[in-house]
>>> print(open('work30.txt').read())   # compact mmCIF, N, CA and C atoms
# COMPACT_ATOMS: atom_id res chain seq x y z
N MET A 1 30.93 95.89 168.16
CA MET A 1 31.92 95.82 167.12
C MET A 1 31.75 94.51 166.35
N LYS A 2 31.82 94.62 165.02
CA LYS A 2 31.66 93.43 164.18
C LYS A 2 32.94 92.61 164.15
N ASP A 3 32.76 91.33 163.99
CA ASP A 3 33.89 90.42 163.79
C ASP A 3 34.31 90.50 162.33
N ILE A 4 35.57 90.32 162.05
CA ILE A 4 36.05 90.43 160.67
C ILE A 4 35.36 89.44 159.74
N THR A 5 34.92 88.32 160.25
CA THR A 5 34.24 87.33 159.41
C THR A 5 32.81 87.73 159.09
N ASP A 6 32.32 88.83 159.70
CA ASP A 6 30.97 89.30 159.42
C ASP A 6 30.86 90.06 158.11
N TYR A 7 31.99 90.39 157.50
CA TYR A 7 31.99 91.14 156.25
C TYR A 7 32.03 90.18 155.08
N SER A 8 31.07 90.28 154.19
CA SER A 8 30.98 89.32 153.09
C SER A 8 31.96 89.60 151.95
N ASP A 9 32.55 90.79 151.92
CA ASP A 9 33.45 91.12 150.81
C ASP A 9 34.93 90.96 151.17
N ASN A 10 35.24 90.21 152.23
CA ASN A 10 36.63 89.96 152.60
C ASN A 10 37.33 89.12 151.54
N THR A 11 38.57 89.43 151.32
CA THR A 11 39.37 88.66 150.37
C THR A 11 40.72 88.36 151.00
N THR A 12 41.15 87.14 150.89
CA THR A 12 42.48 86.76 151.35
C THR A 12 43.36 86.56 150.15
N ARG A 13 44.54 87.16 150.19
CA ARG A 13 45.49 87.02 149.09
C ARG A 13 46.73 86.31 149.61
N PHE A 14 47.30 85.49 148.75
CA PHE A 14 48.53 84.78 149.08
C PHE A 14 49.58 85.14 148.05
N VAL A 15 50.80 85.23 148.50
CA VAL A 15 51.91 85.54 147.62
C VAL A 15 52.94 84.42 147.74
N VAL A 16 53.41 83.94 146.61
CA VAL A 16 54.46 82.92 146.59
C VAL A 16 55.72 83.59 146.08
N LEU A 17 56.77 83.53 146.86
CA LEU A 17 58.04 84.14 146.48
C LEU A 17 59.02 83.07 146.03
N SER A 18 59.85 83.45 145.06
CA SER A 18 60.84 82.51 144.54
C SER A 18 62.11 83.27 144.19
N LYS A 19 63.24 82.62 144.31
CA LYS A 19 64.51 83.23 143.93
C LYS A 19 64.81 83.01 142.45
N THR A 20 64.04 82.16 141.80
CA THR A 20 64.24 81.90 140.37
C THR A 20 63.08 82.46 139.58
N ASP A 21 63.35 82.81 138.33
CA ASP A 21 62.33 83.38 137.45
C ASP A 21 61.53 82.26 136.80
N ASN A 22 60.24 82.51 136.62
CA ASN A 22 59.41 81.56 135.88
C ASN A 22 59.63 81.72 134.39
N LYS A 23 59.61 80.62 133.67
CA LYS A 23 59.72 80.66 132.22
C LYS A 23 58.35 80.95 131.62
N GLN A 24 58.35 81.43 130.38
CA GLN A 24 57.09 81.72 129.69
C GLN A 24 56.27 80.44 129.52
N THR A 25 54.96 80.58 129.74
CA THR A 25 54.06 79.46 129.54
C THR A 25 53.07 79.73 128.41
N GLY A 26 52.98 81.00 127.98
CA GLY A 26 51.96 81.37 127.00
C GLY A 26 50.69 81.87 127.65
N ARG A 27 50.57 81.68 128.95
CA ARG A 27 49.42 82.17 129.74
C ARG A 27 49.96 82.79 131.01
N ASP A 28 50.68 83.92 130.85
CA ASP A 28 51.39 84.52 131.97
C ASP A 28 50.82 85.88 132.34
N LYS A 29 51.19 86.30 133.54
CA LYS A 29 50.92 87.64 134.04
C LYS A 29 52.23 88.20 134.56
N THR A 30 52.33 89.52 134.54
CA THR A 30 53.48 90.22 135.11
C THR A 30 52.94 91.26 136.08
N SER A 31 53.60 91.37 137.23
CA SER A 31 53.22 92.36 138.24
C SER A 31 54.35 93.35 138.44
N ILE A 32 53.98 94.63 138.52
CA ILE A 32 54.96 95.69 138.76
C ILE A 32 54.40 96.66 139.79
N VAL A 33 55.28 97.46 140.36
CA VAL A 33 54.89 98.58 141.20
C VAL A 33 55.71 99.78 140.76
N PHE A 34 55.07 100.95 140.71
CA PHE A 34 55.78 102.16 140.29
C PHE A 34 55.19 103.37 140.99
N SER A 35 55.93 104.47 140.92
CA SER A 35 55.40 105.76 141.37
C SER A 35 55.69 106.79 140.28
N ALA A 36 54.80 107.75 140.17
CA ALA A 36 54.95 108.79 139.15
C ALA A 36 56.04 109.77 139.57
N ILE A 37 56.59 110.48 138.60
CA ILE A 37 57.64 111.46 138.89
C ILE A 37 57.09 112.59 139.75
N SER A 38 55.89 113.07 139.43
CA SER A 38 55.28 114.12 140.24
C SER A 38 53.77 114.03 140.11
N ASP A 39 53.08 114.67 141.03
CA ASP A 39 51.63 114.73 141.00
C ASP A 39 51.22 115.83 140.04
N GLN A 40 50.90 115.43 138.80
CA GLN A 40 50.55 116.42 137.78
C GLN A 40 49.41 115.88 136.93
N PRO A 41 48.60 116.75 136.37
CA PRO A 41 47.50 116.30 135.52
C PRO A 41 48.03 115.48 134.34
N GLY A 42 47.44 114.33 134.13
CA GLY A 42 47.80 113.49 132.99
C GLY A 42 49.02 112.62 133.22
N GLY A 43 49.64 112.68 134.40
CA GLY A 43 50.84 111.89 134.67
C GLY A 43 50.58 110.39 134.59
N LEU A 44 49.53 109.93 135.24
CA LEU A 44 49.20 108.51 135.20
C LEU A 44 48.74 108.11 133.81
N TYR A 45 48.02 109.00 133.14
CA TYR A 45 47.56 108.75 131.78
C TYR A 45 48.75 108.48 130.85
N ALA A 46 49.80 109.28 130.96
CA ALA A 46 50.98 109.11 130.12
C ALA A 46 51.67 107.78 130.40
N ILE A 47 51.71 107.39 131.67
CA ILE A 47 52.34 106.12 132.04
C ILE A 47 51.53 104.95 131.48
N LEU A 48 50.23 104.98 131.71
CA LEU A 48 49.38 103.88 131.24
C LEU A 48 49.32 103.82 129.72
N GLY A 49 49.58 104.94 129.05
CA GLY A 49 49.62 104.97 127.59
C GLY A 49 50.68 104.06 127.00
N GLU A 50 51.75 103.81 127.75
CA GLU A 50 52.79 102.89 127.29
C GLU A 50 52.21 101.48 127.09
N PHE A 51 51.26 101.12 127.91
CA PHE A 51 50.61 99.81 127.78
C PHE A 51 49.52 99.84 126.72
N ALA A 52 48.72 100.89 126.73
CA ALA A 52 47.60 101.00 125.78
C ALA A 52 48.10 101.03 124.34
N SER A 53 49.17 101.76 124.08
CA SER A 53 49.67 101.87 122.70
C SER A 53 50.20 100.54 122.18
N ARG A 54 50.52 99.63 123.10
CA ARG A 54 51.04 98.31 122.71
C ARG A 54 49.97 97.21 122.85
N HIS A 55 48.76 97.61 123.18
CA HIS A 55 47.64 96.67 123.35
C HIS A 55 47.92 95.63 124.44
N ILE A 56 48.57 96.07 125.52
CA ILE A 56 48.83 95.19 126.67
C ILE A 56 47.65 95.33 127.62
N ASN A 57 47.02 94.22 127.93
CA ASN A 57 45.85 94.23 128.80
C ASN A 57 46.28 94.29 130.26
N LEU A 58 45.86 95.35 130.95
CA LEU A 58 46.10 95.49 132.37
C LEU A 58 44.93 94.85 133.10
N THR A 59 45.21 93.91 133.98
CA THR A 59 44.14 93.18 134.66
C THR A 59 43.85 93.72 136.04
N LYS A 60 44.77 94.53 136.59
CA LYS A 60 44.53 95.12 137.91
C LYS A 60 45.39 96.37 138.05
N ILE A 61 44.79 97.42 138.62
CA ILE A 61 45.52 98.63 138.98
C ILE A 61 45.06 99.02 140.38
N GLU A 62 45.99 99.10 141.31
CA GLU A 62 45.68 99.53 142.67
C GLU A 62 46.64 100.64 143.05
N SER A 63 46.17 101.60 143.82
CA SER A 63 47.05 102.66 144.30
C SER A 63 47.07 102.64 145.82
N ARG A 64 48.23 102.97 146.34
CA ARG A 64 48.42 103.06 147.78
C ARG A 64 49.24 104.31 148.06
N PRO A 65 48.88 105.09 149.06
CA PRO A 65 49.68 106.27 149.40
C PRO A 65 51.10 105.85 149.79
N SER A 66 52.07 106.63 149.36
CA SER A 66 53.46 106.32 149.71
C SER A 66 53.79 106.76 151.13
N LYS A 67 52.97 107.62 151.69
CA LYS A 67 53.14 108.18 153.03
C LYS A 67 54.37 109.10 153.10
N LYS A 68 54.89 109.50 151.94
CA LYS A 68 56.00 110.46 151.91
C LYS A 68 55.45 111.88 151.86
N THR A 69 54.65 112.17 150.83
CA THR A 69 54.04 113.48 150.68
C THR A 69 52.62 113.31 150.15
N LEU A 70 51.81 114.32 150.36
CA LEU A 70 50.44 114.30 149.87
C LEU A 70 50.45 114.20 148.35
N GLY A 71 49.67 113.30 147.80
CA GLY A 71 49.58 113.13 146.36
C GLY A 71 50.60 112.18 145.78
N ASP A 72 51.46 111.59 146.63
CA ASP A 72 52.47 110.64 146.16
C ASP A 72 51.96 109.23 146.41
N TYR A 73 51.83 108.45 145.34
CA TYR A 73 51.25 107.11 145.42
C TYR A 73 52.15 106.08 144.78
N PHE A 74 52.02 104.84 145.26
CA PHE A 74 52.57 103.68 144.58
C PHE A 74 51.42 103.04 143.82
N PHE A 75 51.68 102.62 142.60
CA PHE A 75 50.67 101.96 141.77
C PHE A 75 51.12 100.52 141.54
N PHE A 76 50.25 99.59 141.88
CA PHE A 76 50.49 98.17 141.67
C PHE A 76 49.69 97.76 140.44
N VAL A 77 50.37 97.19 139.45
CA VAL A 77 49.73 96.85 138.19
C VAL A 77 50.03 95.40 137.82
N ASP A 78 48.99 94.68 137.43
CA ASP A 78 49.13 93.35 136.84
C ASP A 78 48.77 93.45 135.38
N MET A 79 49.51 92.75 134.53
CA MET A 79 49.23 92.76 133.10
C MET A 79 49.35 91.36 132.54
N GLU A 80 48.68 91.14 131.43
CA GLU A 80 48.81 89.87 130.73
C GLU A 80 50.13 89.86 129.96
N GLY A 81 50.83 88.74 130.04
CA GLY A 81 52.09 88.58 129.32
C GLY A 81 53.26 88.42 130.26
N HIS A 82 54.35 87.89 129.73
CA HIS A 82 55.58 87.65 130.49
C HIS A 82 56.57 88.77 130.25
N ARG A 83 57.31 89.15 131.25
CA ARG A 83 58.23 90.28 131.14
C ARG A 83 59.32 90.08 130.11
N THR A 84 59.56 88.85 129.67
CA THR A 84 60.58 88.60 128.65
C THR A 84 60.01 88.69 127.23
N GLU A 85 58.69 88.79 127.09
CA GLU A 85 58.10 88.99 125.77
C GLU A 85 58.48 90.39 125.29
N LYS A 86 58.80 90.50 124.03
CA LYS A 86 59.30 91.77 123.49
C LYS A 86 58.36 92.94 123.78
N VAL A 87 57.08 92.78 123.57
CA VAL A 87 56.15 93.89 123.75
C VAL A 87 56.12 94.35 125.22
N ILE A 88 56.17 93.40 126.15
CA ILE A 88 56.17 93.75 127.58
C ILE A 88 57.51 94.39 127.95
N ALA A 89 58.61 93.77 127.51
CA ALA A 89 59.94 94.29 127.82
C ALA A 89 60.11 95.72 127.28
N ASP A 90 59.62 95.97 126.07
CA ASP A 90 59.72 97.32 125.50
C ASP A 90 58.91 98.33 126.30
N ALA A 91 57.71 97.95 126.72
CA ALA A 91 56.88 98.85 127.51
C ALA A 91 57.55 99.18 128.84
N LEU A 92 58.11 98.17 129.49
CA LEU A 92 58.75 98.40 130.78
C LEU A 92 60.01 99.25 130.62
N LYS A 93 60.74 99.04 129.53
CA LYS A 93 61.94 99.85 129.27
C LYS A 93 61.56 101.31 129.06
N ASP A 94 60.54 101.56 128.23
CA ASP A 94 60.12 102.93 127.96
C ASP A 94 59.47 103.58 129.18
N LEU A 95 58.90 102.78 130.04
CA LEU A 95 58.27 103.29 131.25
C LEU A 95 59.29 103.90 132.21
N THR A 96 60.51 103.41 132.19
CA THR A 96 61.52 103.91 133.14
C THR A 96 61.78 105.40 132.99
N ASN A 97 61.52 105.97 131.81
CA ASN A 97 61.71 107.41 131.60
C ASN A 97 60.53 108.24 132.10
N LYS A 98 59.42 107.58 132.46
CA LYS A 98 58.21 108.30 132.85
C LYS A 98 57.84 108.13 134.31
N VAL A 99 58.63 107.36 135.05
CA VAL A 99 58.31 107.10 136.45
C VAL A 99 59.50 107.45 137.34
N ALA A 100 59.20 107.72 138.61
CA ALA A 100 60.26 107.99 139.58
C ALA A 100 60.87 106.69 140.08
N PHE A 101 60.05 105.65 140.12
CA PHE A 101 60.46 104.37 140.68
C PHE A 101 59.68 103.27 139.98
N ILE A 102 60.34 102.16 139.67
CA ILE A 102 59.64 100.98 139.14
C ILE A 102 60.33 99.73 139.64
N LYS A 103 59.54 98.76 140.00
CA LYS A 103 60.05 97.45 140.43
C LYS A 103 59.21 96.39 139.74
N ILE A 104 59.87 95.49 139.05
CA ILE A 104 59.17 94.35 138.45
C ILE A 104 59.08 93.29 139.52
N LEU A 105 57.87 92.99 139.95
CA LEU A 105 57.66 92.01 141.01
C LEU A 105 57.79 90.59 140.49
N GLY A 106 57.56 90.41 139.18
CA GLY A 106 57.76 89.09 138.60
C GLY A 106 56.73 88.74 137.56
N SER A 107 57.02 87.67 136.84
CA SER A 107 56.11 87.09 135.86
C SER A 107 55.84 85.66 136.30
N TYR A 108 54.61 85.23 136.09
CA TYR A 108 54.18 83.94 136.60
C TYR A 108 53.00 83.44 135.79
N PRO A 109 52.76 82.13 135.81
CA PRO A 109 51.60 81.59 135.09
C PRO A 109 50.30 82.10 135.72
N LYS A 110 49.32 82.40 134.86
CA LYS A 110 48.01 82.84 135.35
C LYS A 110 47.40 81.72 136.19
N GLY A 111 46.71 82.11 137.24
CA GLY A 111 45.98 81.14 138.04
C GLY A 111 44.62 80.87 137.42
N GLY A 112 43.87 80.00 138.01
CA GLY A 112 42.51 79.74 137.54
C GLY A 112 41.65 80.96 137.68
N GLU A 113 40.94 81.32 136.64
CA GLU A 113 40.13 82.54 136.67
C GLU A 113 38.69 82.23 136.42
>>> encode(input="work30.txt", output="structure tokens")
Amino acid sequence: MKDITDYSDNTTRFVVLSKTDNKQTGRDKTSIVFSAISDQPGGLYAILGEFASRHINLTKIESRPSKKTLGDYFFFVDMEGHRTEKVIADALKDLTNKVAFIKILGSYPKGGE
């Protein structure tokens, strides 16, 4: 059996939690998690269209099974911009009609890239 350090593609992620919101810096990211209303063709496409139509750059999209039913997933999305910016706020508001669940995880200054 291999040791976990034997894999060259390992990544460690750290999360910093805060009870206060970060203010806009002009170089921000926003993270959200959502699930689609149902498993249907084009469902994710319609959701992501809210960002594409507003030219919001998505920097990461990950899916994880919800473990509730087959085909039910949580989608974790990072985007450029702060949740208080009008374009981001409008996208998130309109998204609420297209998803079963949404949680804004927060907005924060971009790290070194």
>>> residues_around(input="work30.txt", residues="Asp39 (chain A)", least_positions_apart="3", cutoff="7 Å", atoms="all atoms listed in the file", output="MDAnalysis selection string")
chainID A and resid 36 43 71:72
>>> write_last_selection(input="work30.txt", atoms="N, CA and C atoms", output="compact mmCIF listing (two decimals), keeping the file's coordinate frame")
# COMPACT_ATOMS: atom_id res chain seq x y z
N ALA A 36 54.80 107.75 140.17
CA ALA A 36 54.95 108.79 139.15
C ALA A 36 56.04 109.77 139.57
N GLY A 43 49.64 112.68 134.40
CA GLY A 43 50.84 111.89 134.67
C GLY A 43 50.58 110.39 134.59
N GLY A 71 49.67 113.30 147.80
CA GLY A 71 49.58 113.13 146.36
C GLY A 71 50.60 112.18 145.78
N ASP A 72 51.46 111.59 146.63
CA ASP A 72 52.47 110.64 146.16
C ASP A 72 51.96 109.23 146.41
>>> select_by_dssp(input="work30.txt", residues="chain A", states="strand (DSSP E or B)", output="MDAnalysis selection string")
chainID A and resid 28:36 58:65 73:80 99:109
>>> closest_atom_pairs(input="work30.txt", of="region 7-55 of chain A", to="region 73-78 of chain A", cutoff="6 Å", atoms="only N, CA and C atoms", output="Markdown table")
| residue | atom | partner | partner_atom | distance |
| --- | --- | --- | --- | --- |
| A:Thr30 | C | A:Asp78 | CA | 4.4 |
| A:Ser31 | CA | A:Val77 | C | 4.4 |
| A:Ile32 | C | A:Val77 | N | 4.1 |
| A:Val33 | CA | A:Phe75 | C | 4.3 |
| A:Phe34 | C | A:Phe75 | N | 3.9 |
| A:Ser35 | CA | A:Tyr73 | C | 4.7 |
| A:Ala36 | N | A:Tyr73 | C | 5.6 |
>>> select_by_dssp(input="work30.txt", residues="chain A", states="helix (DSSP H, G or I)", output="list in words")
Ile4, Thr5, Asp6, Gly43, Leu44, Tyr45, Ala46, Ile47, Leu48, Gly49, Glu50, Phe51, Ala52, Lys86, Val87, Ile88, Ala89, Asp90, Ala91, Leu92, Lys93, Asp94 and Leu95 of chain A
>>> closest_residue(input="work30.txt", among="A:Ala46, A:Phe51, A:Thr11, A:Gln40", to="Ala91 (chain A)", atoms="all atoms listed in the file")
A:Phe51
>>> atom_distance(input="work30.txt", atom1="atom C of Ile56 (chain A)", atom2="CA of Gly106 (chain A)")
16.2 Å
>>> closest_residue(input="work30.txt", among="A:Arg83, A:Leu95, A:Leu70, A:Thr59", to="Thr25 (chain A)", atoms="only C-alpha atoms")
A:Arg83
>>> atom_distance(input="work30.txt", atom1="CA of Val87 (chain A)", atom2="atom N of Pro65 (chain A)")
28.6 Å
>>> axis_aligned_box(input="work30.txt", around="region 82-87 of chain A", padding_each_side="5 Å", output="AutoDock Vina command-line options")
--center_x 57.5 --center_y 91.0 --center_z 127.4 --size_x 16.2 --size_y 16.7 --size_z 17.8
>>> atom_distance(input="work30.txt", atom1="atom C of Gly42 (chain A)", atom2="atom C of Ile102 (chain A)")
18.3 Å
>>> closest_residue(input="work30.txt", among="A:Lys103, A:Asp9, A:Asp90, A:Met79", to="Leu58 (chain A)", atoms="only C-alpha atoms")
A:Met79
>>> closest_residue(input="work30.txt", among="A:Pro109, A:Ile61, A:Lys68, A:Ala89", to="Arg27 (chain A)", atoms="all atoms listed in the file")
A:Pro109
>>> residues_around(input="work30.txt", residues="Lys29 (chain A)", least_positions_apart="5", cutoff="5 Å", atoms="all atoms listed in the file", output="list in words")
Met79, Glu80, Gly81, Ser107, Tyr108, Pro109 and Lys110 of chain A
>>> closest_residue(input="work30.txt", among="A:Lys19, A:Gln24, A:Thr84, A:Ile37", to="Lys98 (chain A)", atoms="all atoms listed in the file")
A:Ile37
